[in-house]
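Reproduced below: model_28.cif, with mmCIF, C-alpha atoms (C1' of nucleotides).
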```
data_query
#
loop_
_atom_site.label_atom_id
_atom_site.label_comp_id
_atom_site.auth_asym_id
_atom_site.auth_seq_id
_atom_site.Cartn_x
_atom_site.Cartn_y
_atom_site.Cartn_z
CA MET A 116 0.00 0.00 0.00
CA THR A 117 2.96 2.35 -0.19
CA VAL A 118 2.17 5.35 -2.29
CA LYS A 119 5.71 5.92 -3.56
CA PRO A 120 6.45 2.55 -5.07
CA TYR A 121 9.51 2.99 -7.23
CA HIS A 122 13.17 3.82 -7.19
CA HIS A 123 13.33 7.41 -8.28
CA GLY A 124 11.16 9.00 -5.65
CA ASP A 125 7.87 10.55 -6.57
CA LEU A 126 8.57 11.50 -10.14
CA ARG A 127 5.09 12.77 -10.80
CA GLU A 128 5.44 15.39 -8.10
CA GLN A 129 8.99 16.22 -9.18
CA LEU A 130 7.84 16.81 -12.73
CA LEU A 131 5.09 19.14 -11.59
CA ILE A 132 7.57 21.12 -9.48
CA ALA A 133 10.14 21.19 -12.27
CA GLY A 134 7.43 22.39 -14.62
CA GLU A 135 6.38 25.17 -12.29
CA LEU A 136 9.98 26.29 -11.88
CA ALA A 137 10.58 26.19 -15.61
CA LEU A 138 7.48 28.28 -16.22
CA ALA A 139 8.68 30.79 -13.64
CA GLU A 140 12.24 30.98 -14.94
CA LEU A 141 12.11 30.57 -18.68
CA PRO A 142 10.33 32.34 -21.51
CA ILE A 143 7.27 30.28 -22.29
CA ALA A 144 8.61 29.18 -25.66
CA LYS A 145 11.51 27.41 -23.97
CA VAL A 146 9.30 25.40 -21.63
CA SER A 147 9.13 21.96 -23.21
CA LEU A 148 8.31 18.54 -21.95
CA ARG A 149 11.88 17.49 -22.54
CA GLU A 150 13.21 20.50 -20.66
CA ILE A 151 11.03 19.60 -17.70
CA ALA A 152 12.22 16.00 -17.80
CA ARG A 153 15.79 17.27 -17.96
CA ARG A 154 15.24 19.38 -14.87
CA ALA A 155 13.77 16.41 -13.05
CA GLY A 156 16.81 14.36 -14.02
CA VAL A 157 15.02 11.72 -16.03
CA SER A 158 14.91 10.72 -19.66
CA HIS A 159 12.71 12.59 -22.10
CA ALA A 160 10.15 9.79 -22.25
CA ALA A 161 9.80 9.21 -18.52
CA PRO A 162 6.92 11.68 -18.08
CA LYS A 163 4.77 9.50 -20.32
CA HIS A 164 4.16 7.14 -17.40
CA HIS A 165 2.67 9.94 -15.30
CA PHE A 166 1.11 12.28 -17.82
CA THR A 167 -0.48 11.22 -21.04
CA SER A 168 0.76 14.33 -22.82
CA MET A 169 2.35 17.72 -22.41
CA ALA A 170 -1.11 19.27 -22.35
CA ASP A 171 -2.01 16.92 -19.53
CA LEU A 172 0.99 18.01 -17.47
CA LEU A 173 0.22 21.67 -18.07
CA GLY A 174 -3.38 21.04 -17.09
CA GLU A 175 -2.23 19.65 -13.74
CA ILE A 176 0.07 22.62 -13.20
CA ALA A 177 -2.85 24.93 -13.93
CA ALA A 178 -4.95 23.02 -11.40
CA ARG A 179 -2.25 23.47 -8.78
CA GLY A 180 -2.14 27.13 -9.73
CA PHE A 181 -5.83 27.41 -8.91
CA ASP A 182 -5.19 25.74 -5.57
CA LYS A 183 -2.55 28.32 -4.65
CA PHE A 184 -4.82 31.02 -6.02
CA ILE A 185 -7.59 29.86 -3.70
CA VAL A 186 -5.23 29.99 -0.74
CA ALA A 187 -4.05 33.49 -1.64
CA LEU A 188 -7.60 34.80 -1.90
CA GLY A 189 -8.61 32.89 1.20
CA ASN A 190 -5.82 34.50 3.21
CA ALA A 191 -6.89 37.92 2.03
CA ALA A 192 -10.48 37.18 3.03
CA GLU A 193 -9.40 35.80 6.39
CA GLN A 194 -7.32 38.83 7.23
CA SER A 195 -10.20 41.15 6.47
CA LYS A 196 -13.01 39.17 8.02
CA ARG A 197 -13.68 41.90 10.59
CA GLN A 198 -14.26 44.43 7.84
CA THR A 199 -17.27 45.03 5.64
CA GLY A 200 -18.09 42.74 2.76
CA GLU A 201 -16.99 45.40 0.34
CA ASP A 202 -13.64 45.90 2.01
CA ARG A 203 -13.14 42.16 2.04
CA LEU A 204 -13.86 42.04 -1.67
CA LEU A 205 -11.33 44.80 -2.23
CA ALA A 206 -8.74 42.81 -0.30
CA MET A 207 -9.45 39.75 -2.40
CA GLY A 208 -9.20 41.83 -5.55
CA ARG A 209 -5.77 43.08 -4.50
CA ALA A 210 -4.69 39.52 -3.75
CA TYR A 211 -5.95 38.50 -7.19
CA LEU A 212 -3.90 41.16 -8.94
CA ARG A 213 -0.83 40.33 -6.85
CA PHE A 214 -1.13 36.65 -7.69
CA ALA A 215 -1.31 37.41 -11.40
CA ASP A 216 1.71 39.70 -11.14
CA GLN A 217 3.82 37.23 -9.22
CA ASN A 218 2.89 34.14 -11.20
CA PRO A 219 2.46 35.36 -14.76
CA ALA A 220 3.18 32.09 -16.52
CA VAL A 221 0.98 29.91 -14.33
CA TYR A 222 -1.69 32.57 -14.34
CA GLY A 223 -1.57 32.64 -18.12
CA LEU A 224 -1.99 28.89 -18.10
CA MET A 225 -4.91 28.99 -15.68
CA PHE A 226 -6.90 31.33 -17.87
CA GLY A 227 -5.35 30.57 -21.20
CA GLN A 228 -6.65 28.89 -24.30
CA VAL A 229 -7.92 25.41 -23.65
CA SER A 230 -6.04 24.09 -26.67
CA LYS A 231 -2.61 24.14 -25.08
CA MET A 232 -3.68 22.35 -21.94
CA SER A 233 -6.00 19.51 -21.04
CA MET A 234 -9.12 20.10 -18.99
CA THR A 235 -8.15 17.49 -16.42
CA PRO A 236 -10.65 16.59 -13.69
CA SER A 237 -8.54 18.31 -11.05
CA LEU A 238 -8.41 21.45 -13.15
CA THR A 239 -12.17 21.50 -13.52
CA LYS A 240 -12.53 20.91 -9.80
CA SER A 241 -10.01 23.53 -8.67
CA SER A 242 -11.24 26.25 -10.99
CA TYR A 243 -14.78 25.58 -9.87
CA GLU A 244 -13.74 25.90 -6.23
CA ALA A 245 -12.10 29.22 -6.97
CA TRP A 246 -15.32 30.39 -8.48
CA THR A 247 -17.36 29.24 -5.49
CA GLN A 248 -15.05 31.11 -3.16
CA LEU A 249 -15.54 34.34 -5.06
CA GLU A 250 -19.27 33.83 -5.34
CA SER A 251 -19.50 33.46 -1.56
CA ALA A 252 -17.66 36.72 -0.99
CA VAL A 253 -19.97 38.49 -3.42
CA ALA A 254 -23.04 36.90 -1.86
CA GLN A 255 -22.22 38.60 1.42
CA ILE A 256 -22.74 41.90 -0.35
CA THR A 257 -25.49 41.23 -2.84
CA GLY A 258 -27.29 38.28 -1.31
CA PRO A 259 -27.29 34.80 -2.83
CA THR A 260 -29.76 35.49 -5.62
CA GLN A 261 -27.61 38.06 -7.32
CA ALA A 262 -24.34 36.36 -6.46
CA PRO A 263 -23.76 34.55 -9.77
CA ILE A 264 -24.14 37.64 -11.89
CA GLY A 265 -22.25 39.74 -9.37
CA ALA A 266 -19.39 37.26 -9.20
CA THR A 267 -19.18 37.12 -12.98
CA TYR A 268 -18.97 40.88 -13.06
CA VAL A 269 -16.33 41.07 -10.34
CA TRP A 270 -14.22 38.35 -11.85
CA SER A 271 -14.47 39.85 -15.33
CA SER A 272 -13.43 43.24 -14.10
CA VAL A 273 -10.41 42.11 -12.10
CA HIS A 274 -9.39 39.43 -14.56
CA GLY A 275 -9.57 41.84 -17.47
CA LEU A 276 -7.27 44.29 -15.76
CA SER A 277 -4.80 41.51 -14.97
CA MET A 278 -4.76 40.35 -18.56
CA LEU A 279 -4.38 43.82 -20.01
CA LYS A 280 -1.47 44.45 -17.68
CA ALA A 281 0.19 41.12 -18.47
CA ALA A 282 -0.26 41.59 -22.21
CA ARG A 283 0.96 45.20 -21.94
CA ARG A 284 -2.05 46.52 -23.74
CA LEU A 285 -2.57 49.51 -21.48
CA PRO A 286 -1.23 52.72 -23.01
CA PRO A 287 1.84 54.31 -21.41
CA HIS A 288 -0.05 57.28 -20.00
CA VAL A 289 -2.06 55.00 -17.71
CA SER A 290 -0.37 54.55 -14.35
CA LEU A 291 -0.47 50.86 -13.58
CA HIS A 292 -0.47 51.15 -9.83
CA ALA A 293 -3.01 53.95 -9.61
CA VAL A 294 -5.31 52.18 -12.01
CA GLU A 295 -5.61 49.12 -9.81
CA GLU A 296 -7.13 50.85 -6.83
CA ASP A 297 -9.39 52.93 -9.04
CA ASN A 298 -10.56 49.86 -10.87
CA LEU A 299 -11.36 47.98 -7.69
CA ARG A 300 -13.17 50.97 -6.29
CA ILE A 301 -15.36 51.36 -9.37
CA MET A 302 -15.97 47.64 -9.39
CA VAL A 303 -17.43 47.76 -5.90
CA ALA A 304 -19.48 50.78 -6.85
CA GLY A 305 -20.89 48.91 -9.81
CA LEU A 306 -21.79 45.99 -7.61
CA ARG A 307 -23.85 48.32 -5.46
CA GLU A 308 -25.96 49.20 -8.49
CA LEU A 309 -26.70 45.60 -9.24
CA MET B 18 8.18 52.34 -58.50
CA THR B 19 5.77 49.43 -58.79
CA VAL B 20 4.69 48.18 -55.40
CA LYS B 21 4.26 44.53 -56.40
CA PRO B 22 7.64 43.85 -57.86
CA TYR B 23 7.94 40.11 -58.27
CA HIS B 24 6.52 37.14 -60.05
CA HIS B 25 4.35 35.46 -57.47
CA GLY B 26 2.00 38.29 -56.65
CA ASP B 27 2.04 39.95 -53.29
CA LEU B 28 3.26 37.08 -51.18
CA ARG B 29 3.37 39.09 -48.00
CA GLU B 30 -0.33 39.81 -48.22
CA GLN B 31 -1.09 36.22 -49.24
CA LEU B 32 0.76 34.91 -46.21
CA LEU B 33 -1.18 37.17 -43.89
CA ILE B 34 -4.47 36.05 -45.40
CA ALA B 35 -3.44 32.38 -45.32
CA GLY B 36 -2.45 32.83 -41.69
CA GLU B 37 -5.77 34.40 -40.79
CA LEU B 38 -7.64 31.59 -42.50
CA ALA B 39 -5.52 28.95 -40.82
CA LEU B 40 -6.16 30.54 -37.43
CA ALA B 41 -9.87 30.56 -38.15
CA GLU B 42 -10.02 26.97 -39.41
CA LEU B 43 -7.47 24.98 -37.47
CA PRO B 44 -6.84 24.31 -33.81
CA ILE B 45 -4.14 26.72 -32.75
CA ALA B 46 -1.58 23.95 -32.27
CA LYS B 47 -1.78 23.07 -35.96
CA VAL B 48 -1.12 26.60 -37.14
CA SER B 49 2.52 26.59 -38.12
CA LEU B 50 4.66 28.74 -40.33
CA ARG B 51 5.07 25.85 -42.71
CA GLU B 52 1.33 25.25 -42.83
CA ILE B 53 0.78 28.89 -43.71
CA ALA B 54 3.42 28.70 -46.43
CA ARG B 55 1.75 25.55 -47.73
CA ARG B 56 -1.58 27.33 -47.94
CA ALA B 57 0.01 30.21 -49.79
CA GLY B 58 1.53 27.73 -52.25
CA VAL B 59 5.17 28.55 -51.57
CA SER B 60 8.07 26.74 -50.01
CA HIS B 61 8.41 26.65 -46.27
CA ALA B 62 11.30 29.09 -46.27
CA ALA B 63 9.69 31.70 -48.49
CA PRO B 64 8.10 33.63 -45.61
CA LYS B 65 11.56 34.47 -44.33
CA HIS B 66 11.85 37.22 -46.94
CA HIS B 67 8.74 38.96 -45.66
CA PHE B 68 8.68 38.15 -41.95
CA THR B 69 11.73 37.73 -39.81
CA SER B 70 10.06 35.00 -37.77
CA MET B 71 6.81 33.24 -36.99
CA ALA B 72 6.30 35.64 -34.08
CA ASP B 73 6.69 38.51 -36.48
CA LEU B 74 4.01 37.15 -38.81
CA LEU B 75 1.64 36.58 -35.91
CA GLY B 76 2.32 40.10 -34.68
CA GLU B 77 1.24 41.47 -38.04
CA ILE B 78 -1.90 39.34 -38.01
CA ALA B 79 -2.67 40.67 -34.55
CA ALA B 80 -2.20 44.21 -35.82
CA ARG B 81 -4.66 43.56 -38.64
CA GLY B 82 -6.99 42.09 -36.05
CA PHE B 83 -6.90 45.38 -34.18
CA ASP B 84 -7.67 47.21 -37.39
CA LYS B 85 -10.80 45.12 -37.96
CA PHE B 86 -11.63 45.48 -34.29
CA ILE B 87 -11.48 49.26 -34.62
CA VAL B 88 -13.82 49.12 -37.61
CA ALA B 89 -16.29 46.90 -35.74
CA LEU B 90 -16.41 49.20 -32.75
CA GLY B 91 -16.50 52.23 -35.00
CA ASN B 92 -19.53 50.89 -36.83
CA ALA B 93 -21.29 50.28 -33.54
CA ALA B 94 -20.51 53.81 -32.43
CA GLU B 95 -21.64 55.25 -35.75
CA GLN B 96 -24.97 53.44 -35.68
CA SER B 97 -25.70 54.72 -32.19
CA LYS B 98 -24.45 58.25 -32.59
CA ARG B 99 -27.94 59.66 -32.01
CA GLN B 100 -28.19 57.95 -28.67
CA THR B 101 -26.70 58.87 -25.31
CA GLY B 102 -23.03 58.32 -24.55
CA GLU B 103 -23.94 55.44 -22.29
CA ASP B 104 -26.04 53.72 -24.92
CA ARG B 105 -23.25 54.19 -27.41
CA LEU B 106 -20.82 52.61 -24.98
CA LEU B 107 -23.20 49.70 -24.54
CA ALA B 108 -23.34 49.24 -28.30
CA MET B 109 -19.57 49.26 -28.49
CA GLY B 110 -19.38 46.74 -25.67
CA ARG B 111 -21.73 44.41 -27.53
CA ALA B 112 -19.63 44.80 -30.66
CA TYR B 113 -16.55 44.00 -28.61
CA LEU B 114 -18.04 40.78 -27.28
CA ARG B 115 -19.27 39.81 -30.72
CA PHE B 116 -15.84 40.35 -32.25
CA ALA B 117 -14.23 38.15 -29.61
CA ASP B 118 -16.81 35.46 -30.20
CA GLN B 119 -16.48 35.50 -33.96
CA ASN B 120 -12.70 35.74 -34.11
CA PRO B 121 -11.50 33.70 -31.16
CA ALA B 122 -8.05 32.85 -32.50
CA VAL B 123 -7.14 36.33 -33.69
CA TYR B 124 -8.66 37.82 -30.57
CA GLY B 125 -6.53 35.49 -28.46
CA LEU B 126 -3.52 36.65 -30.41
CA MET B 127 -4.38 40.33 -30.01
CA PHE B 128 -4.50 40.08 -26.25
CA GLY B 129 -2.30 37.08 -25.73
CA GLN B 130 1.09 36.65 -24.18
CA VAL B 131 3.72 38.80 -25.84
CA SER B 132 6.09 35.83 -25.97
CA LYS B 133 4.40 34.10 -28.88
CA MET B 134 4.19 37.17 -31.03
CA SER B 135 6.38 40.16 -31.78
CA MET B 136 5.40 43.65 -30.77
CA THR B 137 5.76 44.99 -34.30
CA PRO B 138 5.41 48.73 -34.89
CA SER B 139 2.08 48.27 -36.64
CA LEU B 140 0.80 46.22 -33.71
CA THR B 141 1.77 48.92 -31.26
CA LYS B 142 0.17 51.51 -33.49
CA SER B 143 -3.09 49.65 -34.10
CA SER B 144 -3.62 48.64 -30.49
CA TYR B 145 -2.98 52.19 -29.43
CA GLU B 146 -5.57 53.44 -31.90
CA ALA B 147 -8.11 51.00 -30.52
CA TRP B 148 -7.44 52.37 -27.08
CA THR B 149 -7.84 55.96 -28.25
CA GLN B 150 -11.17 55.10 -29.82
CA LEU B 151 -12.47 53.65 -26.58
CA GLU B 152 -11.12 56.51 -24.54
CA SER B 153 -12.97 58.99 -26.72
CA ALA B 154 -16.24 57.16 -26.23
CA VAL B 155 -15.70 57.13 -22.49
CA ALA B 156 -14.72 60.79 -22.47
CA GLN B 157 -18.15 61.68 -23.79
CA ILE B 158 -19.57 60.34 -20.56
CA THR B 159 -16.98 61.16 -17.95
CA GLY B 160 -15.19 64.11 -19.47
CA PRO B 161 -11.59 64.02 -20.67
CA THR B 162 -9.94 64.14 -17.25
CA GLN B 163 -11.44 60.90 -16.04
CA ALA B 164 -11.34 59.23 -19.43
CA PRO B 165 -8.10 57.25 -19.01
CA ILE B 166 -9.18 55.59 -15.78
CA GLY B 167 -12.70 55.13 -17.08
CA ALA B 168 -11.49 53.58 -20.30
CA THR B 169 -9.22 51.23 -18.39
CA TYR B 170 -12.14 50.18 -16.30
CA VAL B 171 -14.47 49.67 -19.22
CA TRP B 172 -11.93 47.75 -21.23
CA SER B 173 -10.98 45.56 -18.26
CA SER B 174 -14.56 44.72 -17.57
CA VAL B 175 -15.51 43.77 -21.12
CA HIS B 176 -12.21 42.15 -21.92
CA GLY B 177 -12.33 40.04 -18.77
CA LEU B 178 -15.74 38.69 -19.66
CA SER B 179 -14.57 37.86 -23.17
CA MET B 180 -11.57 35.98 -21.85
CA LEU B 181 -13.50 34.05 -19.25
CA LYS B 182 -15.99 33.01 -21.90
CA ALA B 183 -13.30 32.00 -24.37
CA ALA B 184 -11.38 30.05 -21.73
CA ARG B 185 -14.59 28.45 -20.51
CA ARG B 186 -13.93 29.46 -16.95
CA LEU B 187 -17.48 30.52 -16.15
CA PRO B 188 -19.37 27.87 -14.21
CA PRO B 189 -22.22 26.06 -15.98
CA HIS B 190 -24.95 27.70 -13.91
CA VAL B 191 -24.08 31.10 -15.36
CA SER B 192 -26.07 31.87 -18.48
CA LEU B 193 -23.63 33.23 -21.02
CA HIS B 194 -26.07 35.35 -22.94
CA ALA B 195 -27.82 36.83 -19.93
CA VAL B 196 -24.53 37.62 -18.27
CA GLU B 197 -23.37 39.81 -21.12
CA GLU B 198 -26.13 42.35 -20.89
CA ASP B 199 -25.97 42.36 -17.11
CA ASN B 200 -22.24 42.89 -17.19
CA LEU B 201 -22.46 45.80 -19.61
CA ARG B 202 -25.24 47.37 -17.57
CA ILE B 203 -23.25 47.18 -14.34
CA MET B 204 -20.20 48.47 -16.14
CA VAL B 205 -22.02 51.63 -17.17
CA ALA B 206 -23.39 52.01 -13.67
CA GLY B 207 -19.87 51.78 -12.28
CA LEU B 208 -18.70 54.42 -14.69
CA ARG B 209 -21.33 56.77 -13.31
CA GLU B 210 -19.77 56.42 -9.87
CA LEU B 211 -16.38 57.37 -11.12
"C1'" DC C 288 11.53 -17.05 -4.96
"C1'" DT C 289 8.84 -16.08 -9.01
"C1'" DC C 290 6.88 -13.25 -12.06
"C1'" DA C 291 4.01 -9.75 -13.69
"C1'" DA C 292 3.14 -4.92 -13.35
"C1'" DA C 293 5.03 -0.43 -12.84
"C1'" DT C 294 8.62 2.50 -14.03
"C1'" DC C 295 12.41 4.26 -16.67
"C1'" DT C 296 15.73 4.34 -20.87
"C1'" DT C 297 16.94 4.10 -25.52
"C1'" DG C 298 15.98 4.72 -30.11
"C1'" DA C 299 13.00 6.11 -33.72
"C1'" DC C 300 9.71 9.09 -36.23
"C1'" DA C 301 7.48 13.04 -38.36
"C1'" DA C 302 7.00 17.90 -37.77
"C1'" DT C 303 8.67 22.42 -36.64
"C1'" DG C 304 11.37 27.18 -36.85
"C1'" DA C 305 15.42 28.79 -38.41
"C1'" DA C 306 19.39 29.44 -41.28
"C1'" DA C 307 22.62 28.75 -45.14
"C1'" DA C 308 23.55 28.01 -49.89
"C1'" DC C 309 21.86 28.36 -54.23
"C1'" DA C 310 18.68 29.73 -58.21
"C1'" DT C 311 15.70 32.85 -60.45
"C1'" DT C 312 13.26 36.94 -61.35
"C1'" DT C 313 13.07 41.85 -61.28
"C1'" DA C 314 14.40 46.34 -62.16
"C1'" DA C 315 17.78 49.90 -61.98
"C1'" DA C 316 22.03 51.80 -64.23
"C1'" DG C 317 24.85 52.43 -67.98
"C1'" DC D 231 19.65 46.45 -74.89
"C1'" DT D 232 22.92 44.74 -71.70
"C1'" DT D 233 24.90 44.36 -67.36
"C1'" DT D 234 24.46 43.78 -62.70
"C1'" DA D 235 22.89 43.90 -58.09
"C1'" DA D 236 19.01 43.44 -55.21
"C1'" DA D 237 14.76 41.10 -54.23
"C1'" DT D 238 12.41 36.93 -54.07
"C1'" DG D 239 11.97 31.68 -53.88
"C1'" DT D 240 13.72 26.92 -53.38
"C1'" DT D 241 16.42 23.27 -51.59
"C1'" DT D 242 19.01 21.45 -48.08
"C1'" DT D 243 20.43 21.14 -43.52
"C1'" DC D 244 20.19 21.44 -38.45
"C1'" DA D 245 18.72 21.26 -33.69
"C1'" DT D 246 14.62 20.69 -31.19
"C1'" DT D 247 10.15 19.08 -30.11
"C1'" DG D 248 6.07 15.64 -28.70
"C1'" DT D 249 4.91 11.07 -29.16
"C1'" DC D 250 5.43 6.24 -29.59
"C1'" DA D 251 7.43 1.50 -29.50
"C1'" DA D 252 10.66 -1.75 -27.77
"C1'" DG D 253 13.57 -3.10 -24.32
"C1'" DA D 254 15.61 -2.90 -19.56
"C1'" DT D 255 15.14 -2.46 -14.67
"C1'" DT D 256 12.93 -2.09 -10.34
"C1'" DT D 257 9.21 -3.15 -7.33
"C1'" DG D 258 6.06 -5.72 -4.79
"C1'" DA D 259 2.36 -9.28 -4.60
"C1'" DG D 260 1.61 -14.16 -4.20
#
```
Please lay out the structure from this file as C-alpha cells.
Amino acid sequence: MTVKPYHHGDLREQLLIAGELALAELPIAKVSLREIARRAGVSHAAPKHHFTSMADLLGEIAARGFDKFIVALGNAAEQSKRQTGEDRLLAMGRAYLRFADQNPAVYGLMFGQVSKMSMTPSLTKSSYEAWTQLESAVAQITGPTQAPIGATYVWSSVHGLSMLKAARRLPPHVSLHAVEEDNLRIMVAGLREL
Amino acid sequence: MTVKPYHHGDLREQLLIAGELALAELPIAKVSLREIARRAGVSHAAPKHHFTSMADLLGEIAARGFDKFIVALGNAAEQSKRQTGEDRLLAMGRAYLRFADQNPAVYGLMFGQVSKMSMTPSLTKSSYEAWTQLESAVAQITGPTQAPIGATYVWSSVHGLSMLKAARRLPPHVSLHAVEEDNLRIMVAGLREL
DNA sequence: CTCAAATCTTGACAATGAAAACATTTAAAG
DNA sequence: CTTTAAATGTTTTCATTGTCAAGATTTGAG
C-alpha cells in the first residue's frame, strides 16, 4: 500500500515542481516537456508514465495554480473578516492582482486557451472551487440570488485588468499602480448598483 | 516604383491572409509557419523574406486584427451616434463581445502573451488606436480628465468577460447570454460612480 | 523465490522554426 | 539592350520538439 512505489522518488510530483519552476524561470517558448524531464533528471520519455501528454501536465500545473490562487484569496479574506463585505472584496481583488503579477506564466496557463492544456478533472474541480469562493464573498454583499451575476462581473473586471497588464495593452499614460485601486473601487461601486 | 515587384503576386499579403484563415479553421496547435506557407503555395522558407520569424508574422496578423476590431467598434458607435453616450458605450461593448466570439483565435492573439508574437510597430500603433477610440467614447460620458481611468475600467470589464468566456472558466450555472447584458449594464453604472 | 506490473531508458519518427547556400526573377544603371 | 545587383523563392540542412514502440530495470504481490 505504499504510495511511492519505485526507485526514483515521486517522479510525478517532481515533474510538476520542475514544470512550475521552468514556467517561472524561462520564456514560455523554452518550456518543453523534454526540458522539464531534464530538470527532473530523467529521460525525455519518462513523463509518459505519469502524464499522457504535455497538455495533460500543463493542465495539472494549472490546477495546482488554482489551488494556490484559492489559498491566496482565502488568506486575504481571512485577514479582512472583521471588515465590511466590500472591504473584504477589495482585499481579495488586490490579492488576485498580486497573484497574477507574481505568477504570470501559471496565471496565463490557468486562464489561457484550452487548446494548449487539457481540462483534467482536477483542473475542472479547482477552478470551480475558486469560483465558489468568489461567489461566496460576493453573496455577502449582494445576497445569494444576485451572487452569480455579481461574481461574474467582479471576476471579469479584475481578470480583465490583470490580462491587459500582463499583455501590456494599457497605453503608457495609464499609471499601472493607480489604475488598480481605481478599478477595484469602481468595481465595488458597480456591484452596489446591481 | 511598382509596389508589387515580383513574379508570385504579393506574397506578404497572401501569407497574412493564409495565416488568418488557418487561425480561423485549425486548432491553434496546428497553425505553423510551414502550414501557412503551404496554404500560400510557396516553399516553407519563403516567408523568411517577408517576416523575420513566426512571431513577427503573428504580430502582423494581430495588428490587422486590431484594425478590424477598430472598424467593428466604430460601426457600432456610428450606428448609435444619435443615442446617449452610455447607450453608445453599450453598443460598443456588444460589438466587442461579438468580435471576440467571432474571431477567437485572432482575438486570443491580439491580447495574448507577448512571448508568442512580436510587438511589431504596426501592432503597437493599431492597439494604441483602438485604445484611443475607446477613450474617446468614455470621455463623452466622464469628461476628458477621467477618461483614461474610465477607459481602463471599461476595457478591463468587457475584456475580462470575453476571456472568461473564451477560456470556458465561467461555471455552468451562469447563463452566457444573460450575463453579457448584465455585465455591460453594471459596467455603465460603475462608470457613473467614477 | 517467481513473475508480472510499474517504471524508466533508448531509439526512432514526423514535424517544426530557423538558417545557409543556391537559383531565379526583377528592375535599376549604364 | 545589356549588365548587374538586389529582391524573391527553393532546396538542403540542423537542432529541437512531442509522441510512440521496444527493451531494460525495479518493485512488490503471491
Would you mind listing, for every residue of range 130-152 of chain A within 9 Å of range 248-254 of chain D, the two atoms forming the shortest contact and the distance between them in Å to one decimal, using only C-alpha atoms (C1' of nucleotides), sorted by chain and ascending residue number, as a Markdown table?
```
| residue | atom | partner | partner_atom | distance |
| --- | --- | --- | --- | --- |
| A:Ser147 | CA | D:DG248 | C1' | 8.9 |
| A:Leu148 | CA | D:DG248 | C1' | 7.7 |
| A:Arg149 | CA | D:DG248 | C1' | 8.7 |
```
- When you get a sec, could you note down which chain A residues fall within 6 Å of chain B, using only C-alpha atoms, as number ranges by chain? A: 228, 268, 271-272, 274-276, 282, 298, 301, 304-305
- Item | Explicit residue set for the PyMOL selection byres ((chain B) within 12 of (chain D)), as a list in words |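 For this structure, the PyMOL selection byres ((chain B) within 12 of (chain D)) captures Lys21, Pro22, Tyr23, His24, His25, Gly26, Asp27, Leu28, Arg29, Ala46, Ala54, Gly58, Val59, Ser60, His61, Ala62, Ala63, Pro64, Lys65, His66 and His67 of chain B.
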How about saving the chosen residues, C-alpha atoms kept, as a PDB file, in the coordinates of the input?
```pdb
ATOM      1  CA  LYS B  21       4.260  44.530 -56.400  1.00  0.00           C
ATOM      2  CA  PRO B  22       7.640  43.850 -57.860  1.00  0.00           C
ATOM      3  CA  TYR B  23       7.940  40.110 -58.270  1.00  0.00           C
ATOM      4  CA  HIS B  24       6.520  37.140 -60.050  1.00  0.00           C
ATOM      5  CA  HIS B  25       4.350  35.460 -57.470  1.00  0.00           C
ATOM      6  CA  GLY B  26       2.000  38.290 -56.650  1.00  0.00           C
ATOM      7  CA  ASP B  27       2.040  39.950 -53.290  1.00  0.00           C
ATOM      8  CA  LEU B  28       3.260  37.080 -51.180  1.00  0.00           C
ATOM      9  CA  ARG B  29       3.370  39.090 -48.000  1.00  0.00           C
ATOM     10  CA  ALA B  46      -1.580  23.950 -32.270  1.00  0.00           C
ATOM     11  CA  ALA B  54       3.420  28.700 -46.430  1.00  0.00           C
ATOM     12  CA  GLY B  58       1.530  27.730 -52.250  1.00  0.00           C
ATOM     13  CA  VAL B  59       5.170  28.550 -51.570  1.00  0.00           C
ATOM     14  CA  SER B  60       8.070  26.740 -50.010  1.00  0.00           C
ATOM     15  CA  HIS B  61       8.410  26.650 -46.270  1.00  0.00           C
ATOM     16  CA  ALA B  62      11.300  29.090 -46.270  1.00  0.00           C
ATOM     17  CA  ALA B  63       9.690  31.700 -48.490  1.00  0.00           C
ATOM     18  CA  PRO B  64       8.100  33.630 -45.610  1.00  0.00           C
ATOM     19  CA  LYS B  65      11.560  34.470 -44.330  1.00  0.00           C
ATOM     20  CA  HIS B  66      11.850  37.220 -46.940  1.00  0.00           C
ATOM     21  CA  HIS B  67       8.740  38.960 -45.660  1.00  0.00           C
TER      22      HIS B  67
END
```
- Interatomic distance, CA of Glu30 in chain B to CA of Ile78 in chain B (Å, one decimal):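 According to the coordinates, CA of Glu30 in chain B and CA of Ile78 in chain B are separated by 10.3 Å.
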For chain B, work out the contacting residues on chain C at 8 Å, counting all atoms listed in the file, and write them as an mmCIF file with C-alpha atoms (C1' of nucleotides), in the frame of the given file.
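Final file, iface.cif:
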```cif
data_model
loop_
_atom_site.group_PDB
_atom_site.id
_atom_site.type_symbol
_atom_site.label_atom_id
_atom_site.label_comp_id
_atom_site.auth_asym_id
_atom_site.auth_seq_id
_atom_site.Cartn_x
_atom_site.Cartn_y
_atom_site.Cartn_z
ATOM 1 C "C1'" DT C 303 8.670 22.420 -36.640
ATOM 2 C "C1'" DG C 304 11.370 27.180 -36.850
ATOM 3 C "C1'" DT C 312 13.260 36.940 -61.350
ATOM 4 C "C1'" DT C 313 13.070 41.850 -61.280
#
```
- From the list A:Leu173, A:Met232, A:Leu136, A:Ala206, the nearest residue to Leu249 in chain A using all atoms listed in the file is A:Ala206
Completed range 107-111 of chain B (N, CA and C atoms) as a compact mmCIF listing (two decimals), in the frame of the given file:
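Contents of rebuild35.txt, freshly written:
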```txt
# COMPACT_ATOMS: atom_id res chain seq x y z
N LEU B 107 -22.61 51.04 -24.58
CA LEU B 107 -23.20 49.70 -24.54
C LEU B 107 -23.11 49.03 -25.90
N ALA B 108 -23.40 49.79 -26.94
CA ALA B 108 -23.34 49.24 -28.30
C ALA B 108 -21.93 48.81 -28.64
N MET B 109 -20.97 49.61 -28.23
CA MET B 109 -19.57 49.26 -28.49
C MET B 109 -19.18 48.01 -27.70
N GLY B 110 -19.66 47.92 -26.49
CA GLY B 110 -19.38 46.74 -25.67
C GLY B 110 -19.93 45.47 -26.31
N ARG B 111 -21.15 45.57 -26.84
CA ARG B 111 -21.73 44.41 -27.53
C ARG B 111 -20.90 44.05 -28.76
```
